[in-house]
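Engineer: Provided herewith: start_6.cif, mmCIF, C-alpha atoms and all ligand atoms.
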```cif
data_final
loop_
_atom_site.label_atom_id
_atom_site.label_comp_id
_atom_site.auth_asym_id
_atom_site.auth_seq_id
_atom_site.Cartn_x
_atom_site.Cartn_y
_atom_site.Cartn_z
CA MET A 1 5.60 -76.04 27.87
CA SER A 2 2.09 -76.49 26.49
CA GLN A 3 2.22 -72.89 25.28
CA ILE A 4 5.49 -73.53 23.42
CA LEU A 5 4.21 -76.78 21.95
CA SER A 6 1.01 -75.14 20.76
CA THR A 7 3.13 -73.07 18.37
CA HIS A 8 4.84 -76.24 17.08
CA GLY A 9 1.72 -78.04 15.95
CA TYR A 10 0.87 -79.91 19.17
CA ALA A 11 -2.37 -79.87 21.18
CA GLU A 12 -2.83 -81.18 24.72
CA SER A 13 -4.16 -84.69 25.13
CA HIS A 14 -5.72 -86.46 28.10
CA ASP A 15 -4.50 -89.85 27.00
CA MET A 16 -0.98 -91.17 27.46
CA GLU A 17 -1.78 -94.36 25.49
CA SER A 18 -2.42 -92.50 22.23
CA ALA A 19 -0.33 -89.32 22.59
CA ASP A 20 2.42 -88.60 20.04
CA LEU A 21 4.53 -87.00 22.72
CA VAL A 22 4.60 -87.64 26.47
CA ILE A 23 6.41 -85.19 28.73
CA LEU A 24 7.21 -86.09 32.31
CA ASN A 25 7.88 -82.84 34.13
CA THR A 26 9.78 -84.07 37.12
CA CYS A 27 10.60 -83.29 40.74
CA THR A 28 13.55 -84.60 42.74
CA ILE A 29 13.05 -82.74 46.01
CA ARG A 30 12.65 -86.00 47.94
CA ALA A 31 13.72 -89.56 47.15
CA LYS A 32 10.06 -90.58 46.78
CA ALA A 33 9.39 -88.04 44.02
CA GLU A 34 12.30 -89.41 42.02
CA GLN A 35 11.14 -93.01 42.50
CA LYS A 36 7.75 -92.08 41.03
CA VAL A 37 9.40 -90.77 37.87
CA MET A 38 11.38 -93.99 37.43
CA SER A 39 8.33 -96.21 37.82
CA MET A 40 6.33 -94.06 35.40
CA LEU A 41 9.15 -94.38 32.86
CA GLY A 42 9.00 -98.15 33.32
CA ALA A 43 5.29 -98.08 32.42
CA LEU A 44 5.97 -95.88 29.40
CA ARG A 45 8.54 -98.37 28.11
CA LYS A 46 5.72 -100.91 27.63
CA ILE A 47 3.57 -98.42 25.74
CA LYS A 48 6.46 -97.48 23.50
CA VAL A 49 7.06 -101.11 22.52
CA GLN A 50 3.53 -101.07 21.02
CA ARG A 51 3.97 -97.66 19.40
CA PRO A 52 7.64 -97.01 18.61
CA GLY A 53 6.81 -93.63 16.99
CA MET A 54 5.84 -92.12 20.33
CA LYS A 55 8.34 -89.61 21.73
CA ILE A 56 9.15 -89.40 25.45
CA CYS A 57 10.61 -86.32 27.07
CA VAL A 58 11.82 -86.11 30.67
CA ALA A 59 11.94 -82.46 31.73
CA GLY A 60 12.76 -80.62 34.95
CA CYS A 61 14.79 -81.53 38.02
CA VAL A 62 15.30 -85.28 37.53
CA ALA A 63 16.44 -84.55 33.95
CA GLN A 64 18.82 -81.88 35.25
CA GLN A 65 20.19 -84.13 37.96
CA GLU A 66 20.60 -87.30 35.87
CA GLY A 67 21.51 -85.95 32.40
CA ASP A 68 23.15 -88.67 30.27
CA HIS A 69 22.76 -91.25 33.06
CA LEU A 70 19.03 -91.19 32.49
CA LEU A 71 19.50 -92.48 28.92
CA GLN A 72 21.67 -95.34 30.19
CA ARG A 73 18.96 -96.40 32.62
CA MET A 74 16.04 -95.56 30.32
CA PRO A 75 17.12 -95.91 26.67
CA HIS A 76 13.54 -95.40 25.43
CA VAL A 77 13.67 -91.70 26.41
CA ASP A 78 14.03 -89.31 23.43
CA LEU A 79 14.69 -85.99 25.11
CA VAL A 80 16.23 -85.09 28.49
CA LEU A 81 15.44 -81.43 29.09
CA GLY A 82 17.04 -79.55 32.01
CA THR A 83 15.49 -76.77 34.06
CA GLN A 84 17.06 -73.86 32.20
CA ASN A 85 16.51 -75.50 28.79
CA ILE A 86 12.73 -75.78 29.07
CA TYR A 87 12.24 -72.51 27.21
CA ASP A 88 13.92 -74.10 24.15
CA LEU A 89 11.56 -77.08 24.16
CA GLY A 90 10.25 -76.16 20.69
CA THR A 91 13.70 -76.36 19.07
CA TYR A 92 14.55 -79.67 20.74
CA ILE A 93 11.20 -81.26 19.96
CA ASP A 94 11.65 -80.42 16.28
CA ARG A 95 15.13 -81.94 16.45
CA VAL A 96 14.04 -85.31 17.89
CA ALA A 97 10.82 -85.51 15.82
CA GLY A 98 12.35 -87.05 12.73
CA THR A 99 15.11 -89.22 14.25
CA ASP A 100 15.71 -92.08 16.67
CA ARG A 101 18.69 -90.32 18.19
CA PRO A 102 18.04 -89.05 21.72
CA VAL A 103 19.00 -85.52 22.77
CA VAL A 104 20.26 -84.43 26.20
CA ALA A 105 19.95 -80.67 26.88
CA THR A 106 20.93 -79.90 30.46
CA THR A 107 23.35 -77.00 30.21
CA MET A 108 23.26 -74.54 33.08
CA SER A 109 24.67 -71.05 33.05
CA LYS A 110 25.15 -68.21 35.51
CA ALA A 111 24.16 -65.88 32.67
CA PHE A 112 20.77 -67.60 32.27
CA ARG A 113 17.82 -65.21 31.80
CA ILE A 114 14.13 -66.08 31.75
CA PRO A 115 12.90 -65.07 28.31
CA ALA A 116 10.14 -62.48 27.95
CA PHE A 117 7.53 -65.10 27.50
CA LEU A 118 3.95 -64.50 26.52
CA PRO A 119 1.08 -66.95 26.34
CA ALA A 120 0.19 -68.31 22.93
CA ASP A 121 -3.15 -67.47 21.40
CA ARG A 122 -5.95 -69.25 23.15
CA LYS A 123 -7.29 -70.95 20.05
CA ASN A 124 -4.05 -72.91 19.71
CA SER A 125 -3.57 -73.80 23.36
CA GLU A 126 -6.89 -74.92 24.76
CA PRO A 127 -5.97 -76.60 28.07
CA ALA A 128 -6.94 -80.25 28.42
CA ASP A 129 -8.16 -79.68 31.99
CA GLU A 130 -11.03 -77.21 32.45
CA LEU A 131 -9.43 -76.07 35.74
CA TYR A 132 -6.75 -74.29 33.73
CA SER A 133 -9.26 -72.31 31.72
CA PHE A 134 -9.82 -69.91 34.61
CA LYS A 135 -6.85 -70.29 36.95
CA ARG A 136 -3.17 -70.40 36.15
CA PHE A 137 0.24 -70.43 37.72
CA VAL A 138 2.62 -67.73 36.53
CA THR A 139 6.35 -68.15 37.14
CA ILE A 140 7.97 -64.95 38.43
CA MET A 141 11.40 -66.32 39.27
CA GLN A 142 13.47 -69.46 38.97
CA GLY A 143 16.22 -71.07 41.03
CA CYS A 144 17.28 -70.54 44.62
CA ASP A 145 20.38 -69.18 46.39
CA ASN A 146 19.47 -70.19 49.93
CA TYR A 147 21.28 -73.52 50.22
CA CYS A 148 19.25 -75.04 53.01
CA SER A 149 21.53 -77.93 53.94
CA TYR A 150 19.01 -80.68 53.00
CA CYS A 151 17.82 -79.21 49.71
CA VAL A 152 18.69 -80.11 46.14
CA VAL A 153 16.88 -77.16 44.52
CA PRO A 154 19.88 -74.78 44.25
CA TYR A 155 21.71 -77.54 42.36
CA THR A 156 18.90 -78.63 40.05
CA ARG A 157 17.31 -75.25 39.35
CA GLY A 158 20.42 -73.10 39.43
CA ARG A 159 21.00 -69.55 40.68
CA GLU A 160 18.03 -67.41 41.53
CA ILE A 161 16.81 -65.16 38.74
CA SER A 162 13.66 -63.02 38.56
CA ARG A 163 11.55 -62.31 35.51
CA ARG A 164 11.03 -58.70 34.53
CA ALA A 165 7.97 -57.22 36.25
CA GLN A 166 6.67 -55.89 32.94
CA ASP A 167 6.81 -59.42 31.46
CA VAL A 168 4.89 -60.86 34.40
CA VAL A 169 2.23 -58.13 34.24
CA GLU A 170 1.91 -58.56 30.45
CA GLU A 171 1.48 -62.32 30.80
CA VAL A 172 -1.22 -61.97 33.46
CA ARG A 173 -2.97 -59.29 31.41
CA LYS A 174 -3.07 -61.57 28.41
CA LEU A 175 -4.30 -64.53 30.46
CA VAL A 176 -7.09 -62.41 31.96
CA ALA A 177 -8.10 -61.27 28.47
CA GLN A 178 -8.44 -64.99 27.64
CA GLY A 179 -10.79 -65.59 30.57
CA VAL A 180 -8.43 -66.42 33.44
CA ARG A 181 -9.73 -65.09 36.78
CA GLU A 182 -7.26 -66.41 39.32
CA VAL A 183 -3.49 -66.33 39.20
CA THR A 184 -0.88 -67.84 41.55
CA LEU A 185 2.55 -66.22 41.27
CA LEU A 186 5.30 -68.81 41.66
CA GLY A 187 8.85 -68.66 42.94
CA GLN A 188 11.07 -70.69 45.31
CA ASN A 189 11.32 -67.64 47.55
CA VAL A 190 9.13 -64.73 46.45
CA ASN A 191 10.54 -62.48 49.19
CA SER A 192 13.75 -62.07 47.25
CA TYR A 193 11.94 -61.30 43.97
CA GLY A 194 13.70 -58.52 42.08
CA ARG A 195 17.05 -58.79 43.84
CA LYS A 196 18.58 -60.49 40.83
CA LEU A 197 16.72 -59.31 37.78
CA ASN A 198 17.13 -60.02 34.09
CA GLY A 199 19.73 -57.53 32.76
CA THR A 200 17.69 -54.58 31.54
CA ALA A 201 14.77 -54.73 33.95
CA LEU A 202 13.55 -51.84 36.09
CA PRO A 203 13.85 -52.43 39.85
CA CYS A 204 10.72 -53.85 41.49
CA THR A 205 10.11 -55.60 44.83
CA PHE A 206 7.64 -58.44 45.33
CA PRO A 207 5.07 -56.28 47.19
CA GLU A 208 5.29 -53.76 44.31
CA LEU A 209 4.75 -56.55 41.80
CA LEU A 210 1.71 -57.78 43.75
CA HIS A 211 0.20 -54.29 43.62
CA GLN A 212 0.83 -54.03 39.88
CA VAL A 213 -0.72 -57.42 39.14
CA ALA A 214 -3.69 -56.74 41.44
CA GLU A 215 -4.56 -53.66 39.38
CA ILE A 216 -5.23 -55.71 36.25
CA ARG A 217 -8.94 -55.35 35.53
CA GLY A 218 -10.87 -58.59 35.46
CA LEU A 219 -8.49 -60.51 37.73
CA GLN A 220 -10.54 -61.70 40.69
CA ARG A 221 -8.16 -63.69 42.84
CA LEU A 222 -4.44 -63.49 43.43
CA ARG A 223 -2.25 -65.97 45.34
CA PHE A 224 1.46 -66.65 45.57
CA THR A 225 3.88 -69.25 46.85
CA THR A 226 6.44 -69.76 48.45
CA SER A 227 7.80 -67.45 51.10
CA HIS A 228 10.91 -68.02 53.25
CA PRO A 229 10.42 -66.94 56.90
CA LYS A 230 13.89 -65.38 57.16
CA ASP A 231 13.04 -62.39 54.98
CA LEU A 232 9.28 -62.04 55.14
CA SER A 233 8.92 -58.25 55.12
CA ASP A 234 6.37 -55.97 56.78
CA GLU A 235 5.53 -54.65 53.29
CA LEU A 236 4.56 -58.13 52.13
CA ILE A 237 2.50 -58.75 55.26
CA GLY A 238 0.81 -55.37 54.68
CA CYS A 239 -0.34 -56.54 51.22
CA PHE A 240 -2.82 -58.86 52.98
CA ARG A 241 -4.48 -55.75 54.41
CA ASP A 242 -4.19 -53.50 51.36
CA ILE A 243 -4.88 -55.72 48.35
CA ALA A 244 -8.52 -56.78 48.20
CA ILE A 245 -8.08 -59.64 45.69
CA LEU A 246 -5.10 -61.16 47.55
CA CYS A 247 -6.55 -64.37 49.02
CA PRO A 248 -6.28 -64.98 52.79
CA GLN A 249 -3.95 -67.94 52.38
CA PHE A 250 -0.30 -68.10 53.31
CA HIS A 251 2.24 -70.92 53.02
CA LEU A 252 5.20 -70.34 55.34
CA PRO A 253 7.43 -73.41 55.57
CA VAL A 254 9.01 -73.68 59.03
CA GLN A 255 10.62 -77.18 58.63
CA SER A 256 11.27 -77.75 62.37
CA GLY A 257 10.29 -76.41 65.79
CA SER A 258 13.84 -76.70 67.16
CA ASP A 259 16.31 -73.81 66.88
CA ALA A 260 19.22 -76.26 66.98
CA VAL A 261 17.81 -78.20 64.01
CA LEU A 262 16.97 -74.98 62.12
CA LYS A 263 20.57 -73.92 62.53
CA ARG A 264 21.89 -77.16 61.05
CA MET A 265 19.33 -76.80 58.26
CA ASN A 266 20.88 -73.39 57.47
CA ARG A 267 17.50 -71.66 57.70
CA HIS A 268 18.63 -68.34 59.28
CA TYR A 269 15.71 -67.81 61.67
CA THR A 270 14.67 -68.94 65.13
CA ILE A 271 11.27 -70.10 66.32
CA ALA A 272 10.91 -66.76 68.17
CA ASN A 273 11.41 -64.93 64.83
CA TYR A 274 8.92 -67.23 63.14
CA LEU A 275 6.25 -66.73 65.80
CA GLU A 276 6.67 -62.97 65.63
CA ARG A 277 6.08 -63.03 61.84
CA VAL A 278 3.03 -65.27 62.28
CA GLU A 279 1.57 -62.85 64.79
CA ALA A 280 2.13 -59.93 62.43
CA LEU A 281 0.36 -61.85 59.64
CA PHE A 282 -2.70 -62.63 61.75
CA SER A 283 -2.97 -59.08 63.03
CA CYS A 284 -3.10 -57.87 59.41
CA ARG A 285 -5.48 -60.57 58.23
CA PRO A 286 -7.28 -62.43 61.06
CA ASP A 287 -9.06 -64.78 58.63
CA LEU A 288 -5.78 -65.97 57.09
CA ALA A 289 -5.31 -69.74 56.65
CA LEU A 290 -1.70 -70.55 57.43
CA THR A 291 0.02 -73.69 56.15
CA THR A 292 3.57 -74.98 56.48
CA ASP A 293 6.12 -77.66 55.53
CA ILE A 294 7.73 -79.91 58.13
CA ILE A 295 10.66 -82.30 57.85
CA VAL A 296 10.86 -85.00 60.52
CA GLY A 297 13.97 -87.06 61.22
CA PHE A 298 16.55 -84.52 60.05
CA PRO A 299 20.05 -85.88 60.93
CA GLY A 300 20.65 -85.41 64.67
CA GLU A 301 16.97 -84.68 65.51
CA THR A 302 16.49 -85.85 69.10
CA ASP A 303 13.23 -86.75 70.84
CA ASP A 304 13.41 -83.31 72.46
CA ASP A 305 13.85 -81.59 69.10
CA PHE A 306 10.84 -83.44 67.75
CA ALA A 307 8.83 -82.50 70.87
CA LEU A 308 9.60 -78.85 70.04
CA THR A 309 8.10 -79.36 66.55
CA MET A 310 4.96 -80.74 68.23
CA ASP A 311 4.94 -77.71 70.59
CA LEU A 312 5.10 -75.37 67.61
CA LEU A 313 2.16 -77.16 66.02
CA GLU A 314 0.16 -76.60 69.24
CA ARG A 315 1.11 -72.93 69.41
CA VAL A 316 0.43 -71.98 65.81
CA ARG A 317 -2.28 -74.53 65.05
CA PHE A 318 -1.54 -74.51 61.31
CA HIS A 319 -4.64 -74.87 59.15
CA GLY A 320 -2.76 -77.54 57.26
CA SER A 321 0.73 -78.77 56.56
CA PHE A 322 2.85 -80.89 54.26
CA SER A 323 5.11 -83.11 56.32
CA PHE A 324 7.90 -85.33 55.09
CA LYS A 325 10.47 -87.81 56.30
CA TYR A 326 13.97 -86.46 55.73
CA SER A 327 15.74 -88.13 52.78
CA ASP A 328 19.32 -87.70 51.53
CA ARG A 329 19.53 -85.95 48.17
CA PRO A 330 22.54 -86.12 45.85
CA GLY A 331 25.22 -83.57 46.63
CA VAL A 332 23.51 -81.75 49.53
CA ARG A 333 25.43 -80.98 52.72
CA SER A 334 23.23 -82.90 55.15
CA CYS A 335 24.18 -86.18 53.41
CA ASP A 336 27.43 -85.99 55.38
CA PHE A 337 25.84 -85.06 58.73
CA ASP A 338 26.11 -87.43 61.69
CA GLY A 339 23.16 -88.84 63.55
CA LYS A 340 21.04 -90.19 60.68
CA ILE A 341 17.64 -91.24 61.99
CA SER A 342 16.28 -94.73 61.31
CA GLU A 343 13.36 -95.25 58.91
CA GLU A 344 11.37 -96.61 61.83
CA VAL A 345 11.79 -93.52 64.00
CA LYS A 346 11.11 -91.22 61.04
CA SER A 347 7.87 -93.07 60.26
CA GLU A 348 6.82 -92.95 63.89
CA ARG A 349 7.44 -89.20 64.18
CA LEU A 350 5.69 -88.51 60.89
CA ALA A 351 2.61 -90.45 62.01
CA ILE A 352 2.48 -88.61 65.35
CA PHE A 353 2.78 -85.24 63.63
CA GLN A 354 0.20 -86.01 60.94
CA ARG A 355 -2.33 -87.45 63.39
CA ARG A 356 -2.23 -84.26 65.47
CA GLN A 357 -2.28 -82.02 62.39
CA ASP A 358 -5.40 -83.80 61.13
CA GLU A 359 -7.17 -83.13 64.44
CA ILE A 360 -6.18 -79.48 64.34
CA SER A 361 -7.22 -79.11 60.69
CA LEU A 362 -10.59 -80.62 61.53
CA ALA A 363 -11.04 -78.25 64.48
CA ARG A 364 -10.00 -75.26 62.35
CA ASN A 365 -12.36 -76.33 59.54
CA SER A 366 -15.23 -76.90 61.97
CA ALA A 367 -14.98 -73.24 62.94
CA TYR A 368 -16.20 -72.36 59.41
CA VAL A 369 -19.49 -74.25 59.88
CA GLY A 370 -22.40 -71.80 59.88
CA SER A 371 -20.48 -69.04 58.12
CA LEU A 372 -20.88 -67.70 54.59
CA LEU A 373 -17.82 -68.04 52.38
CA GLU A 374 -17.22 -66.99 48.80
CA ILE A 375 -16.07 -69.80 46.55
CA MET A 376 -14.81 -69.85 43.00
CA ILE A 377 -16.46 -72.73 41.21
CA GLU A 378 -13.96 -75.31 39.92
CA ARG A 379 -15.94 -78.27 38.62
CA THR A 380 -19.60 -78.92 37.96
CA SER A 381 -21.56 -82.10 37.35
CA GLU A 382 -25.26 -82.78 36.87
CA ASN A 383 -26.35 -82.54 40.49
CA ALA A 384 -23.31 -81.22 42.32
CA PHE A 385 -20.39 -78.82 42.08
CA GLN A 386 -17.25 -77.92 43.93
CA GLY A 387 -15.36 -74.70 44.47
CA ARG A 388 -12.51 -73.22 46.46
CA THR A 389 -12.55 -70.59 49.18
CA GLY A 390 -10.11 -67.69 49.41
CA THR A 391 -8.44 -69.66 52.21
CA ASN A 392 -7.92 -72.44 49.63
CA HIS A 393 -10.37 -74.95 51.11
CA ILE A 394 -12.37 -77.13 48.73
CA VAL A 395 -16.14 -76.88 49.25
CA HIS A 396 -18.49 -79.58 47.90
CA VAL A 397 -22.10 -78.64 47.24
CA ASP A 398 -24.72 -81.33 46.45
CA GLU A 399 -26.91 -79.07 44.36
CA LYS A 400 -27.45 -78.29 40.73
CA THR A 401 -25.97 -75.06 39.41
CA ASP A 402 -26.20 -72.99 36.25
CA LEU A 403 -22.92 -71.30 37.05
CA ALA A 404 -19.68 -72.29 35.34
CA PRO A 405 -16.10 -72.93 36.47
CA GLY A 406 -14.48 -69.60 37.36
CA ASP A 407 -17.68 -67.99 38.66
CA LEU A 408 -17.82 -66.69 42.23
CA LEU A 409 -20.64 -67.61 44.58
CA GLU A 410 -21.38 -67.31 48.28
CA VAL A 411 -22.23 -70.54 50.09
CA GLU A 412 -23.13 -71.46 53.64
CA ILE A 413 -20.73 -73.98 55.19
CA VAL A 414 -22.71 -76.86 56.71
CA HIS A 415 -20.11 -79.53 57.37
CA ALA A 416 -16.35 -79.77 57.91
CA GLY A 417 -13.91 -82.60 57.20
CA GLN A 418 -10.14 -82.71 57.64
CA HIS A 419 -9.38 -81.80 54.07
CA SER A 420 -12.57 -80.23 52.71
CA LEU A 421 -15.87 -78.55 53.56
CA LYS A 422 -19.48 -79.04 52.54
CA GLY A 423 -21.73 -76.11 51.66
CA LYS A 424 -25.24 -75.26 50.51
CA VAL A 425 -26.90 -72.43 48.60
CA ASP A 426 -30.57 -73.38 48.25
CA SER A 427 -31.97 -71.98 51.49
CA MET A 428 -30.14 -68.70 51.04
CA HIS A 429 -32.37 -67.37 48.26
N1 LIG A 501 14.02 -84.48 52.69
C1 LIG A 501 12.73 -84.31 53.09
N2 LIG A 501 12.01 -83.21 52.78
C2 LIG A 501 12.58 -82.27 52.03
N3 LIG A 501 12.13 -81.09 51.56
C3 LIG A 501 13.10 -80.50 50.83
N4 LIG A 501 14.20 -81.28 50.83
C4 LIG A 501 13.92 -82.38 51.56
C5 LIG A 501 14.65 -83.56 51.94
N5 LIG A 501 15.92 -83.74 51.56
C6 LIG A 501 10.79 -80.59 51.85
C7 LIG A 501 10.84 -79.24 52.59
C8 LIG A 501 10.40 -78.26 51.54
C9 LIG A 501 9.45 -79.09 50.73
C10 LIG A 501 9.13 -78.56 49.38
O1 LIG A 501 10.10 -80.34 50.62
O2 LIG A 501 9.90 -79.29 53.65
O3 LIG A 501 9.78 -77.09 52.09
FE1 LIG A 502 15.31 -75.46 48.99
FE2 LIG A 502 13.40 -73.66 49.66
FE3 LIG A 502 15.76 -73.75 51.02
FE4 LIG A 502 15.70 -72.84 48.49
S1 LIG A 502 14.69 -71.90 50.30
S2 LIG A 502 17.22 -74.24 49.36
S3 LIG A 502 14.13 -74.18 47.59
S4 LIG A 502 14.12 -75.36 50.95
#
```
Translate this structure into structure tokens?

Structural biologist:
Amino acid sequence: MSQILSTHGYAESHDMESADLVILNTCTIRAKAEQKVMSMLGALRKIKVQRPGMKICVAGCVAQQEGDHLLQRMPHVDLVLGTQNIYDLGTYIDRVAGTDRPVVATTMSKAFRIPAFLPADRKNSEPADELYSFKRFVTIMQGCDNYCSYCVVPYTRGREISRRAQDVVEEVRKLVAQGVREVTLLGQNVNSYGRKLNGTALPCTFPELLHQVAEIRGLQRLRFTTSHPKDLSDELIGCFRDIAILCPQFHLPVQSGSDAVLKRMNRHYTIANYLERVEALFSCRPDLALTTDIIVGFPGETDDDFALTMDLLERVRFHGSFSFKYSDRPGVRSCDFDGKISEEVKSERLAIFQRRQDEISLARNSAYVGSLLEIMIERTSENAFQGRTGTNHIVHVDEKTDLAPGDLLEVEIVHAGQHSLKGKVDSMH
């Protein structure tokens, strides 16, 4: 969106209070995400009373889900922009610029194609955050056809569609020419990349795409997310052995440790399948850091089901995880399932899971102490800097550096916390 806007006379701003245009790019995956959007819109209403010329755009999944309703609840919004309409942001922004009449653009079509979309010239699109000067996310596909029974994504983001491989490679090439050194390829389920391609595209699988992107000279780190366990192929696992710049980090959402719950979630794998894939990953890349997503309190989850999730945590010892209380989302199948779990039990299970995960993360992180790890520097200040390892851990260093964000450097890990590491360089030279 910032690339599109840069060709329509806009530049990124840090400051919501003085911006001409504020875009909330929204998520509705869980009830809590949606609540955040609504409270932010409440705060923006007050700012707009002071500065009526300011335009407010709500983009993404909440916009898609709510459409016209959003304007009834939040009449100070100028543009409601759905998930397939984002590429036309420039046209819509020009349309609302001169008027007080709001626009709702949330059409969705089976014939939707992701446009061949190249980054704007750097001079017009200087990112407001220095992080984005050297690392970027690149969308390779949009939508999802999996219909996990709890998930709103297939409804808000539409049918799965992949970008053409040549468009992705061209975009990364251009970003690298502008100084980007790390790229994360993004899709709801990268394993099915290329199965439903834009009309004229040449066939290409995700492992093939990874190889093509990895060959771009000047790119130093490559990551991707997310991968569905049901169709994680041997070819993709093999990429962790064969592609040097592919970082040893893997996010493989499991959701539950109980086969019965997985079945009701419509996930199409068992815990035995999952463990077999995890083993294959570690045998290819022993230094891999594995993370996952967990839902606690799915309808019908018994104490025994939850105990199986805890068992899985003990067996795999994930380096980290994102864990959530189940929440009903509009229109999804699990809304109608029996056996809804009380808020109290959900909170209890979440706390038990997170407490144990924190201990395991700390133990895993402590194993790095004493080793040398390469970090890419992310932020620097007068007497300290921080960077990220290939495994995606943040490392803080309390030393001065002449290096800049995006530079690679080897550091010795001297201390581990649950969520980050501490390192030093001075004694190494
Ligand atoms: N309730 C709770 N968590 C959910 N997720 C998706 N839908 C729901 C829901 N209805 C979680 C899943 C997914 C992550 C992005 O969000 O764990 O992997
Ligand atoms: Fe949602 Fe992911 Fe399942 Fe798709 S694969 S329906 S995005 S949880």

Engineer: For Tyr155 of chain A, which residue out of A:Lys36, A:Glu279, A:Thr28, A:Leu70 is the nearest one, using only C-alpha atoms?

Structural biologist: A:Thr28

Engineer: Would you place a box with edges along x, y and z of the file around all atoms of segment 236-239 of chain A listed there, add 8 Å to each of its six sides, and report the centre and edge lengths in Å to one decimal, as lines of an AutoDock Vina configuration file?

Structural biologist:
```
center_x = 2.1
center_y = -57.1
center_z = 53.2
size_x = 20.9
size_y = 19.4
size_z = 20.0
```

Engineer: Using Å and a single decimal, report how far atom CA of Asp287 of chain A sits from atom CA of Gly417 of chain A.

Structural biologist: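 Here the two named atoms are 18.5 Å from each other.
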
Engineer: Output the neighbourhood of ligand LIG 501 (chain A) as a PDB file with C-alpha atoms, keeping the file's coordinate frame, that is, all protein and nucleic acid residues with some atom at most 10 Å from the ligand, counting only C-alpha atoms and all ligand atoms.

Structural biologist:
```
ATOM      1  CA  CYS A  27      10.600 -83.290  40.740  1.00  0.00           C
ATOM      2  CA  THR A  28      13.550 -84.600  42.740  1.00  0.00           C
ATOM      3  CA  ILE A  29      13.050 -82.740  46.010  1.00  0.00           C
ATOM      4  CA  ARG A  30      12.650 -86.000  47.940  1.00  0.00           C
ATOM      5  CA  ALA A  31      13.720 -89.560  47.150  1.00  0.00           C
ATOM      6  CA  LYS A  32      10.060 -90.580  46.780  1.00  0.00           C
ATOM      7  CA  CYS A 148      19.250 -75.040  53.010  1.00  0.00           C
ATOM      8  CA  SER A 149      21.530 -77.930  53.940  1.00  0.00           C
ATOM      9  CA  TYR A 150      19.010 -80.680  53.000  1.00  0.00           C
ATOM     10  CA  CYS A 151      17.820 -79.210  49.710  1.00  0.00           C
ATOM     11  CA  VAL A 152      18.690 -80.110  46.140  1.00  0.00           C
ATOM     12  CA  VAL A 153      16.880 -77.160  44.520  1.00  0.00           C
ATOM     13  CA  GLN A 188      11.070 -70.690  45.310  1.00  0.00           C
ATOM     14  CA  THR A 226       6.440 -69.760  48.450  1.00  0.00           C
ATOM     15  CA  SER A 227       7.800 -67.450  51.100  1.00  0.00           C
ATOM     16  CA  HIS A 228      10.910 -68.020  53.250  1.00  0.00           C
ATOM     17  CA  HIS A 251       2.240 -70.920  53.020  1.00  0.00           C
ATOM     18  CA  LEU A 252       5.200 -70.340  55.340  1.00  0.00           C
ATOM     19  CA  PRO A 253       7.430 -73.410  55.570  1.00  0.00           C
ATOM     20  CA  VAL A 254       9.010 -73.680  59.030  1.00  0.00           C
ATOM     21  CA  GLN A 255      10.620 -77.180  58.630  1.00  0.00           C
ATOM     22  CA  SER A 256      11.270 -77.750  62.370  1.00  0.00           C
ATOM     23  CA  THR A 292       3.570 -74.980  56.480  1.00  0.00           C
ATOM     24  CA  ASP A 293       6.120 -77.660  55.530  1.00  0.00           C
ATOM     25  CA  ILE A 294       7.730 -79.910  58.130  1.00  0.00           C
ATOM     26  CA  ILE A 295      10.660 -82.300  57.850  1.00  0.00           C
ATOM     27  CA  VAL A 296      10.860 -85.000  60.520  1.00  0.00           C
ATOM     28  CA  GLY A 297      13.970 -87.060  61.220  1.00  0.00           C
ATOM     29  CA  PHE A 298      16.550 -84.520  60.050  1.00  0.00           C
ATOM     30  CA  SER A 321       0.730 -78.770  56.560  1.00  0.00           C
ATOM     31  CA  PHE A 322       2.850 -80.890  54.260  1.00  0.00           C
ATOM     32  CA  SER A 323       5.110 -83.110  56.320  1.00  0.00           C
ATOM     33  CA  PHE A 324       7.900 -85.330  55.090  1.00  0.00           C
ATOM     34  CA  LYS A 325      10.470 -87.810  56.300  1.00  0.00           C
ATOM     35  CA  TYR A 326      13.970 -86.460  55.730  1.00  0.00           C
ATOM     36  CA  SER A 327      15.740 -88.130  52.780  1.00  0.00           C
ATOM     37  CA  ASP A 328      19.320 -87.700  51.530  1.00  0.00           C
ATOM     38  CA  ARG A 329      19.530 -85.950  48.170  1.00  0.00           C
ATOM     39  CA  PRO A 330      22.540 -86.120  45.850  1.00  0.00           C
ATOM     40  CA  VAL A 332      23.510 -81.750  49.530  1.00  0.00           C
ATOM     41  CA  ARG A 333      25.430 -80.980  52.720  1.00  0.00           C
ATOM     42  CA  SER A 334      23.230 -82.900  55.150  1.00  0.00           C
ATOM     43  CA  CYS A 335      24.180 -86.180  53.410  1.00  0.00           C
TER      44      CYS A 335
END
```

Engineer: Using only C-alpha atoms, determine which residues lie at most 10 Å from segment 166-179 of chain A, disregarding the query and same-chain residues fewer than 6 positions distant; provide the list as a VMD selection string.

Structural biologist: chain A and resid 114 to 123 133 to 141 185 201 to 202 204 209 to 210 212 to 220 406

Engineer: Between A:Asn85, A:Ser6, A:Ser109, A:Asn266, which residue has the minimum interatomic distance to ligand LIG 502 (chain A), considering all atoms listed in the file?

Structural biologist: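 Selected residue with least distance to ligand LIG 502 (chain A): A:Asn266.
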
Engineer: Report as a ChimeraX atom specification all protein, DNA and RNA residues lying within 12 Å of Arg157 of chain A, evaluated on all atoms listed in the file, omitting residues in the same chain fewer than 2 positions from it.

Structural biologist: /A:26-29,59-65,82-86,106-110,112,141-147,151-155,159-161,187-188
